[in-house]
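This is upload_2.cif. It holds mmCIF, C-alpha atoms and all ligand atoms.
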data_data
loop_
_atom_site.label_atom_id
_atom_site.label_comp_id
_atom_site.auth_asym_id
_atom_site.auth_seq_id
_atom_site.Cartn_x
_atom_site.Cartn_y
_atom_site.Cartn_z
CA MET A 1 -58.46 94.39 35.34
CA ASN A 2 -55.34 93.14 33.66
CA ARG A 3 -53.69 96.13 32.03
CA ARG A 4 -53.04 94.27 28.83
CA HIS A 5 -56.75 93.67 28.43
CA TRP A 6 -57.68 97.31 28.39
CA VAL A 7 -54.63 98.65 26.68
CA ARG A 8 -55.00 96.51 23.62
CA PRO A 9 -58.41 97.92 22.65
CA ILE A 10 -56.91 101.40 23.06
CA ILE A 11 -54.06 100.51 20.76
CA LEU A 12 -56.40 98.99 18.24
CA ALA A 13 -58.68 101.99 18.40
CA LEU A 14 -55.73 104.31 17.83
CA ILE A 15 -54.47 102.21 15.00
CA GLY A 16 -58.03 102.20 13.72
CA LEU A 17 -57.17 103.28 10.29
CA VAL A 18 -54.99 100.68 8.88
CA CYS A 19 -52.50 100.99 6.13
CA LEU A 20 -52.15 99.84 2.62
CA CYS A 21 -50.43 96.65 1.75
CA SER A 22 -51.02 94.95 -1.54
CA HIS A 23 -54.57 95.36 -2.71
CA ARG A 24 -55.89 96.15 0.75
CA CYS A 25 -56.67 99.66 1.79
CA GLU A 26 -54.71 100.35 4.95
CA PRO A 27 -54.48 103.97 6.00
CA LEU A 28 -51.23 105.36 7.34
CA ILE A 29 -50.40 104.94 10.98
CA THR A 30 -48.96 107.96 12.68
CA GLU A 31 -49.75 107.20 16.29
CA ILE A 32 -48.96 103.66 17.22
CA ILE A 33 -47.35 103.95 20.59
CA THR A 34 -49.50 106.09 22.78
CA PRO A 35 -48.68 107.84 26.04
CA GLN A 36 -50.95 105.28 27.64
CA ILE A 37 -48.65 102.55 26.43
CA THR A 38 -45.68 104.44 27.75
CA GLU A 39 -47.29 104.58 31.14
CA MET A 40 -48.09 100.93 31.21
CA THR A 41 -44.59 99.80 30.39
CA THR A 42 -43.53 99.68 34.00
CA PRO A 43 -41.31 97.16 35.72
CA THR A 44 -44.41 95.82 37.45
CA LEU A 45 -45.66 94.26 34.24
CA ALA A 46 -45.54 90.52 34.34
CA PRO A 47 -43.19 89.13 31.72
CA VAL A 48 -44.75 87.17 28.91
CA GLU A 49 -44.68 83.51 29.67
CA THR A 50 -42.55 81.56 27.32
CA THR A 51 -41.97 77.92 26.75
CA PRO A 52 -38.65 76.26 26.04
CA ARG A 53 -37.83 76.62 22.42
CA PRO A 54 -37.91 73.35 20.47
CA THR A 55 -35.44 74.69 17.95
CA ALA A 56 -33.83 71.53 16.74
CA THR A 57 -37.05 69.57 16.54
CA VAL A 58 -38.96 72.30 14.82
CA ILE A 59 -36.27 72.81 12.26
CA ALA A 60 -36.06 69.11 11.61
CA THR A 61 -39.79 68.51 11.32
CA LEU A 62 -41.18 71.73 9.93
CA ALA A 63 -38.42 73.30 7.97
CA PRO A 64 -35.60 71.32 6.50
CA PRO A 65 -32.48 73.48 6.39
CA VAL A 66 -32.15 75.55 3.27
CA ALA A 67 -28.66 74.23 2.85
CA THR A 68 -29.11 70.87 1.14
CA PRO A 69 -26.69 68.67 -0.75
CA THR A 70 -28.25 69.86 -4.01
CA MET A 71 -27.57 73.50 -3.28
CA GLN A 72 -25.21 75.29 -5.63
CA PRO A 73 -23.61 78.31 -3.95
CA THR A 74 -22.28 81.04 -6.16
CA PRO A 75 -18.62 80.61 -6.96
CA THR A 76 -17.68 83.48 -4.68
CA ALA A 77 -19.88 82.40 -1.79
CA THR A 78 -18.07 81.42 1.35
CA THR A 79 -18.87 78.08 2.94
CA GLU A 80 -17.88 79.33 6.33
CA GLY A 81 -19.56 81.68 8.71
CA GLU A 82 -22.36 81.93 11.17
CA THR A 83 -25.44 79.78 10.88
CA VAL A 84 -28.50 81.95 10.40
CA ILE A 85 -32.00 80.96 11.48
CA ILE A 86 -35.02 82.84 10.18
CA THR A 87 -38.41 82.22 11.80
CA VAL A 88 -41.56 83.78 10.38
CA VAL A 89 -43.63 84.73 13.42
CA TYR A 90 -46.43 86.68 11.75
CA ASP A 91 -48.14 86.22 8.41
CA ASN A 92 -51.56 86.02 6.79
CA ASN A 93 -51.20 82.27 6.45
CA ALA A 94 -49.89 79.60 8.77
CA TYR A 95 -47.21 77.06 7.95
CA ASP A 96 -47.34 75.83 11.55
CA PRO A 97 -50.99 75.12 12.47
CA ARG A 98 -50.37 76.11 16.09
CA LEU A 99 -49.94 79.74 15.08
CA GLN A 100 -52.51 82.50 14.69
CA THR A 101 -52.75 84.34 11.40
CA ALA A 102 -53.60 87.91 10.47
CA TRP A 103 -52.73 90.27 7.65
CA GLY A 104 -49.18 91.44 8.23
CA PHE A 105 -45.62 90.24 8.50
CA GLY A 106 -42.91 89.74 11.08
CA CYS A 107 -39.90 87.45 11.39
CA VAL A 108 -37.09 86.74 13.82
CA VAL A 109 -33.54 86.45 12.56
CA GLU A 110 -30.87 84.79 14.68
CA ARG A 111 -27.24 85.15 13.72
CA ASP A 112 -24.33 84.49 16.04
CA GLU A 113 -25.36 85.97 19.38
CA THR A 114 -27.77 88.45 17.83
CA THR A 115 -31.56 88.21 17.56
CA VAL A 116 -33.45 90.62 15.35
CA LEU A 117 -37.20 91.10 15.06
CA PHE A 118 -37.98 92.45 11.60
CA ASP A 119 -41.49 93.92 11.60
CA THR A 120 -44.09 93.16 14.24
CA GLY A 121 -47.33 92.41 12.40
CA ARG A 122 -50.38 94.44 13.27
CA ASP A 123 -51.68 92.68 16.38
CA GLY A 124 -49.29 92.47 19.29
CA ALA A 125 -51.30 89.73 20.97
CA ILE A 126 -50.90 87.51 17.92
CA LEU A 127 -47.22 88.39 17.66
CA LEU A 128 -46.53 87.46 21.27
CA SER A 129 -48.71 84.36 21.14
CA ASN A 130 -46.92 83.09 18.05
CA MET A 131 -43.50 83.84 19.51
CA ASP A 132 -44.50 81.95 22.64
CA ALA A 133 -45.66 78.96 20.58
CA LEU A 134 -42.33 79.00 18.77
CA GLY A 135 -40.37 79.28 22.01
CA ILE A 136 -39.02 82.76 21.26
CA ASP A 137 -38.69 84.89 24.38
CA PRO A 138 -39.18 88.64 23.74
CA ALA A 139 -36.21 89.20 26.05
CA GLU A 140 -33.99 87.53 23.44
CA ILE A 141 -34.64 90.31 20.93
CA ASP A 142 -31.67 92.66 20.68
CA ILE A 143 -33.01 94.97 18.01
CA VAL A 144 -36.27 95.59 16.18
CA VAL A 145 -36.13 96.78 12.58
CA LEU A 146 -39.31 98.22 11.12
CA SER A 147 -39.57 98.11 7.35
CA HIS A 148 -42.17 100.80 6.77
CA ILE A 149 -44.91 102.74 8.49
CA HIS A 150 -47.89 100.57 7.56
CA GLY A 151 -49.81 99.21 10.53
CA ASP A 152 -49.57 95.57 9.53
CA HIS A 153 -45.79 95.85 10.04
CA ILE A 154 -45.50 98.08 13.12
CA GLY A 155 -48.75 97.55 15.03
CA GLY A 156 -47.34 94.89 17.35
CA LEU A 157 -44.52 97.07 18.68
CA GLY A 158 -46.53 98.56 21.54
CA ASP A 159 -47.45 95.18 23.00
CA LEU A 160 -43.89 93.92 22.55
CA LEU A 161 -42.47 96.85 24.52
CA ALA A 162 -45.23 96.45 27.08
CA THR A 163 -43.66 93.14 28.07
CA GLY A 164 -40.83 95.21 29.51
CA VAL A 165 -38.19 94.46 26.90
CA ARG A 166 -36.11 97.35 25.62
CA PRO A 167 -34.61 96.48 22.24
CA THR A 168 -33.15 99.24 20.11
CA VAL A 169 -35.69 100.07 17.39
CA TYR A 170 -34.42 101.00 13.92
CA VAL A 171 -36.86 102.89 11.72
CA PRO A 172 -36.59 104.76 8.43
CA ALA A 173 -35.61 108.33 9.25
CA SER A 174 -38.71 109.54 7.43
CA PHE A 175 -41.05 107.98 9.99
CA PRO A 176 -43.43 110.51 11.59
CA ALA A 177 -41.85 112.57 14.36
CA SER A 178 -44.69 111.64 16.70
CA PHE A 179 -43.99 107.93 16.26
CA LYS A 180 -40.28 108.37 16.88
CA ARG A 181 -40.95 110.50 19.94
CA GLN A 182 -43.25 107.91 21.44
CA VAL A 183 -40.79 105.08 20.87
CA ARG A 184 -37.95 107.15 22.34
CA ALA A 185 -40.05 107.64 25.46
CA ILE A 186 -39.80 103.90 26.00
CA THR A 187 -36.59 102.64 24.45
CA THR A 188 -33.69 103.58 22.19
CA LEU A 189 -34.62 104.52 18.64
CA GLN A 190 -32.19 104.77 15.74
CA GLU A 191 -33.05 106.44 12.47
CA VAL A 192 -31.90 104.83 9.24
CA ASP A 193 -31.16 106.76 6.10
CA GLU A 194 -28.30 105.28 4.09
CA PRO A 195 -27.38 101.59 3.77
CA GLN A 196 -25.53 100.53 6.91
CA GLU A 197 -24.47 97.58 9.01
CA LEU A 198 -26.64 97.58 12.12
CA LEU A 199 -24.84 94.75 13.89
CA PRO A 200 -22.12 92.41 12.63
CA GLY A 201 -23.44 90.70 9.52
CA ILE A 202 -26.82 92.41 9.69
CA HIS A 203 -27.48 95.30 7.33
CA THR A 204 -30.24 97.56 6.12
CA THR A 205 -30.70 98.73 2.54
CA GLY A 206 -31.41 102.16 3.96
CA GLN A 207 -34.41 104.19 2.97
CA MET A 208 -35.83 103.46 -0.46
CA GLY A 209 -38.81 104.71 -2.40
CA THR A 210 -41.54 107.11 -1.39
CA ASN A 211 -45.03 106.83 0.03
CA PRO A 212 -44.13 104.80 1.90
CA VAL A 213 -40.40 104.81 2.32
CA GLU A 214 -39.17 101.33 3.13
CA GLN A 215 -36.01 99.51 4.21
CA ALA A 216 -35.15 95.84 3.79
CA LEU A 217 -33.01 93.72 6.10
CA VAL A 218 -29.94 92.07 4.60
CA VAL A 219 -28.20 89.28 6.47
CA GLU A 220 -24.82 87.75 5.72
CA THR A 221 -25.03 83.97 5.75
CA PRO A 222 -22.62 81.17 4.89
CA GLN A 223 -24.32 80.83 1.49
CA GLY A 224 -24.61 84.47 0.56
CA LEU A 225 -26.89 87.35 1.38
CA VAL A 226 -30.45 86.90 2.58
CA VAL A 227 -32.76 89.80 1.78
CA ILE A 228 -35.90 90.13 3.91
CA THR A 229 -38.62 92.50 2.78
CA GLY A 230 -41.74 93.69 4.56
CA CYS A 231 -43.88 94.76 1.63
CA ALA A 232 -41.29 95.86 -0.94
CA HIS A 233 -43.32 98.93 -1.86
CA PRO A 234 -40.28 100.53 -3.58
CA GLY A 235 -40.16 97.49 -5.89
CA ILE A 236 -38.90 94.06 -4.93
CA ALA A 237 -36.33 93.89 -7.76
CA GLU A 238 -34.97 97.34 -6.89
CA MET A 239 -34.65 96.44 -3.23
CA VAL A 240 -32.92 93.13 -3.96
CA ARG A 241 -30.59 94.83 -6.43
CA ARG A 242 -29.49 97.37 -3.84
CA ALA A 243 -29.16 94.68 -1.17
CA GLY A 244 -26.90 92.68 -3.45
CA GLN A 245 -24.41 95.54 -3.50
CA ILE A 246 -23.59 95.01 0.17
CA ASP A 247 -20.94 92.44 -0.66
CA GLU A 248 -19.72 90.29 -3.54
CA ASN A 249 -21.16 87.00 -2.30
CA GLY A 250 -24.44 87.42 -4.13
CA VAL A 251 -28.05 87.10 -3.04
CA TYR A 252 -28.78 83.60 -1.82
CA LEU A 253 -32.39 84.02 -0.67
CA VAL A 254 -35.15 86.63 -0.83
CA LEU A 255 -37.85 86.19 1.81
CA GLY A 256 -40.93 88.23 2.72
CA GLY A 257 -43.59 90.31 1.01
CA PHE A 258 -42.93 90.97 -2.67
CA HIS A 259 -46.00 93.22 -3.10
CA LEU A 260 -47.21 91.68 -6.34
CA GLY A 261 -50.84 91.06 -5.43
CA GLY A 262 -52.86 92.03 -8.46
CA ALA A 263 -49.78 92.35 -10.67
CA SER A 264 -50.08 91.15 -14.25
CA ARG A 265 -48.47 87.95 -15.43
CA SER A 266 -46.08 89.91 -17.65
CA ARG A 267 -45.00 92.18 -14.81
CA ILE A 268 -44.36 89.21 -12.54
CA ALA A 269 -42.40 87.52 -15.31
CA GLY A 270 -40.26 90.65 -15.54
CA ILE A 271 -39.57 90.52 -11.82
CA ILE A 272 -38.57 86.87 -12.06
CA THR A 273 -36.23 87.71 -14.94
CA ALA A 274 -34.68 90.45 -12.81
CA PHE A 275 -34.19 87.98 -9.96
CA ARG A 276 -32.37 85.62 -12.29
CA GLU A 277 -30.21 88.44 -13.64
CA ILE A 278 -29.33 89.49 -10.08
CA GLY A 279 -28.50 85.86 -9.31
CA VAL A 280 -31.07 85.18 -6.61
CA GLN A 281 -30.76 81.48 -5.81
CA LYS A 282 -33.82 80.82 -3.65
CA VAL A 283 -37.09 82.58 -2.93
CA ALA A 284 -39.53 82.43 -0.01
CA PRO A 285 -42.33 84.88 -0.81
CA CYS A 286 -45.28 85.44 1.52
CA HIS A 287 -47.59 88.14 2.90
CA CYS A 288 -48.48 90.59 0.09
CA THR A 289 -46.79 88.68 -2.74
CA GLY A 290 -50.08 87.50 -4.26
CA ASP A 291 -51.19 84.04 -5.30
CA LEU A 292 -50.32 84.41 -8.98
CA ALA A 293 -46.81 85.66 -8.22
CA ILE A 294 -46.27 82.89 -5.69
CA SER A 295 -47.34 80.25 -8.23
CA MET A 296 -45.10 81.73 -10.92
CA PHE A 297 -42.09 81.92 -8.59
CA ALA A 298 -42.79 78.34 -7.50
CA ALA A 299 -42.86 77.18 -11.13
CA GLU A 300 -39.68 79.06 -12.00
CA TYR A 301 -37.63 78.17 -8.93
CA GLY A 302 -38.78 74.59 -8.43
CA ASP A 303 -36.83 73.02 -5.57
CA ASP A 304 -35.40 76.45 -4.77
CA PHE A 305 -38.86 77.80 -3.98
CA ILE A 306 -39.51 77.76 -0.23
CA HIS A 307 -43.12 77.57 0.90
CA ASN A 308 -43.25 80.32 3.46
CA ASP A 309 -45.94 81.25 5.99
CA ALA A 310 -46.16 81.90 9.72
CA GLY A 311 -44.14 79.32 11.62
CA LYS A 312 -41.74 78.59 8.78
CA ILE A 313 -38.17 78.19 10.00
CA VAL A 314 -35.31 78.49 7.54
CA GLU A 315 -31.86 77.51 8.75
CA ILE A 316 -28.87 78.44 6.63
CA THR A 317 -25.74 76.56 7.56
CA PRO A 318 -22.12 76.57 6.32
ZN ZN B 401 -47.85 94.59 4.57
ZN ZN B 402 -47.16 98.08 3.38
#
What would you get if you wrote out this structure as structure tokens?
Amino acid sequence: MNRRHWVRPIILALIGLVCLCSHRCEPLITEIITPQITEMTTPTLAPVETTPRPTATVIATLAPPVATPTMQPTPTATTEGETVIITVVYDNNAYDPRLQTAWGFGCVVERDETTVLFDTGRDGAILLSNMDALGIDPAEIDIVVLSHIHGDHIGGLGDLLATGVRPTVYVPASFPASFKRQVRAITTLQEVDEPQELLPGIHTTGQMGTNPVEQALVVETPQGLVVITGCAHPGIAEMVRRAGQIDENGVYLVLGGFHLGGASRSRIAGIITAFREIGVQKVAPCHCTGDLAISMFAAEYGDDFIHNDAGKIVEITP
């Protein structure tokens, strides 16, 4: 029997209890990468088949570049720098009908020669299938950054590593020791505490909040900072505010889960006000943001609201 076919049910059984995101009850994951997975990650594993990546076409047909003639960068924003491409590979909804959907989040960030996978979704088979459909080879991934311990953000890691790739995995230092030990048995793991630059132009906010602790990814782009959140459990405005302190170019875009499902209209309005005060120019909420919050952000931001689901590709150019 193909190893992947019997390992996946084991992973899913171990995950079993799933964690909380938004209004859903999702128990904490403490054992996501099992010894069984460690054993199966041998060089004999067949690499995941990938197809050539239709980058230019996909960007042109599915996701017009964020940088448009109508865009108004902040006065201090540079118009030079590395083009950044963000591809949402895992979400509850599909922007690209070829992709599978499931509760969770994951996206790939390409900047210069670096490729980052931020969160893995819950189901590794869906993650790998979607990456394949989008022409993203797991071997391209240099680092994996996990936002927080909930299963819908880390559950796909085992299957990703089972393809044989060995990216460095960055996790909040407060992750369970058992999780960190199991990842270290397979690949390099780095613990994140304070805000830091992981690779040139790619930062983390560092650990924020409690129960669960979470980190956001912050990427320098030619138009300013892009903040990518998994679930924003510590508070989306707080996370964006801290991210904006990384440099003086301001926050250009906030993308990911805003964790406002079930939030009141007045609370959402307060978040939007905070975004405006921080100077956030564009928003691309998804995952656990909630329908009401998405509609209110869309109304407020107008042309600067980016419809964002699995398969969405956002290109930020000089
Ligand atoms: Zn989530
Ligand atoms: Zn969560």
Worksheet item: For ligand ZN 402 (chain B), which of A:Leu117, A:Ala177, A:Ile272, A:Leu260 is the closest residue, counting all atoms listed in the file?
Response: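 Nearest to ligand ZN 402 (chain B): A:Leu260.
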Could the residues that lie within 6 Å of ligand ZN 401 (chain B), counting all atoms listed in the file, be listed as a PDB file with C-alpha atoms, in the coordinates of the input?
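Listed below is the output, selection_5.pdb:
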ATOM      1  CA  CYS A  21     -50.430  96.650   1.750  1.00  0.00           C
ATOM      2  CA  GLY A 104     -49.180  91.440   8.230  1.00  0.00           C
ATOM      3  CA  ASP A 152     -49.570  95.570   9.530  1.00  0.00           C
ATOM      4  CA  HIS A 153     -45.790  95.850  10.040  1.00  0.00           C
ATOM      5  CA  CYS A 231     -43.880  94.760   1.630  1.00  0.00           C
TER       6      CYS A 231
END
Please report as JSON lines every residue of segment 186-268 of chain A lying within 7 Å of segment 288-308 of chain A, along with the nearest atom pair and their distance in Å (one decimal), using all atoms listed in the file.
{"residue": "A:Cys231", "atom": "CA", "partner": "A:Cys288", "partner_atom": "CA", "distance": 6.4}
{"residue": "A:Gly257", "atom": "CA", "partner": "A:Cys288", "partner_atom": "CA", "distance": 5.0}
{"residue": "A:Phe258", "atom": "CA", "partner": "A:Thr289", "partner_atom": "CA", "distance": 4.5}
{"residue": "A:His259", "atom": "CA", "partner": "A:Thr289", "partner_atom": "CA", "distance": 4.6}
{"residue": "A:Leu260", "atom": "CA", "partner": "A:Thr289", "partner_atom": "CA", "distance": 4.7}
{"residue": "A:Gly261", "atom": "CA", "partner": "A:Gly290", "partner_atom": "CA", "distance": 3.8}
{"residue": "A:Gly262", "atom": "CA", "partner": "A:Gly290", "partner_atom": "CA", "distance": 6.8}
{"residue": "A:Ile268", "atom": "CA", "partner": "A:Ala293", "partner_atom": "CA", "distance": 6.1}
Worksheet item: So, counting only C-alpha atoms and all ligand atoms, which residue among A:Gln182, A:Gly158, A:Thr205, A:Gly230 is closest to ligand ZN 402 (chain B)?
Response: A:Gly230
Worksheet entry | A:Thr317, A:Gln245, A:Gln215, A:Ser264 ranked by distance to ligand ZN 402 (chain B), top pick (using all atoms listed in the file) |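 Under the stated criterion, the closest residue is A:Gln215.
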Item to complete: Scan for residues within 10 Å of the point (-32.0, 86.7, 8.9) in the coordinates of the file, using all atoms listed in the file, and reply as an MDAnalysis selection string.
Response: chainID A and resid 83:87 107:111 115:118 201:203 217:221 225:228 253 255 314:316
Prev. selection, C-alpha atoms, output as a compact mmCIF listing (two decimals), in the coordinates of the input:
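Saved to out07.txt:
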# COMPACT_ATOMS: atom_id res chain seq x y z
CA THR A 83 -25.44 79.78 10.88
CA VAL A 84 -28.50 81.95 10.40
CA ILE A 85 -32.00 80.96 11.48
CA ILE A 86 -35.02 82.84 10.18
CA THR A 87 -38.41 82.22 11.80
CA CYS A 107 -39.90 87.45 11.39
CA VAL A 108 -37.09 86.74 13.82
CA VAL A 109 -33.54 86.45 12.56
CA GLU A 110 -30.87 84.79 14.68
CA ARG A 111 -27.24 85.15 13.72
CA THR A 115 -31.56 88.21 17.56
CA VAL A 116 -33.45 90.62 15.35
CA LEU A 117 -37.20 91.10 15.06
CA PHE A 118 -37.98 92.45 11.60
CA GLY A 201 -23.44 90.70 9.52
CA ILE A 202 -26.82 92.41 9.69
CA HIS A 203 -27.48 95.30 7.33
CA LEU A 217 -33.01 93.72 6.10
CA VAL A 218 -29.94 92.07 4.60
CA VAL A 219 -28.20 89.28 6.47
CA GLU A 220 -24.82 87.75 5.72
CA THR A 221 -25.03 83.97 5.75
CA LEU A 225 -26.89 87.35 1.38
CA VAL A 226 -30.45 86.90 2.58
CA VAL A 227 -32.76 89.80 1.78
CA ILE A 228 -35.90 90.13 3.91
CA LEU A 253 -32.39 84.02 -0.67
CA LEU A 255 -37.85 86.19 1.81
CA VAL A 314 -35.31 78.49 7.54
CA GLU A 315 -31.86 77.51 8.75
CA ILE A 316 -28.87 78.44 6.63
Worksheet entry | Contacts of Ala102 of chain A at 8 Å (all atoms listed in the file; same-chain gap of 6+ positions) as a count of residues only | 8
Item to complete: Go through A:Ser147, A:Thr163, A:Thr187, A:Gln207 one by one, measure the shortest atom-to-atom distance of each to ligand ZN 402 (chain B) using only C-alpha atoms and all ligand atoms, and give the residue with the smallest value.
Response: A:Ser147
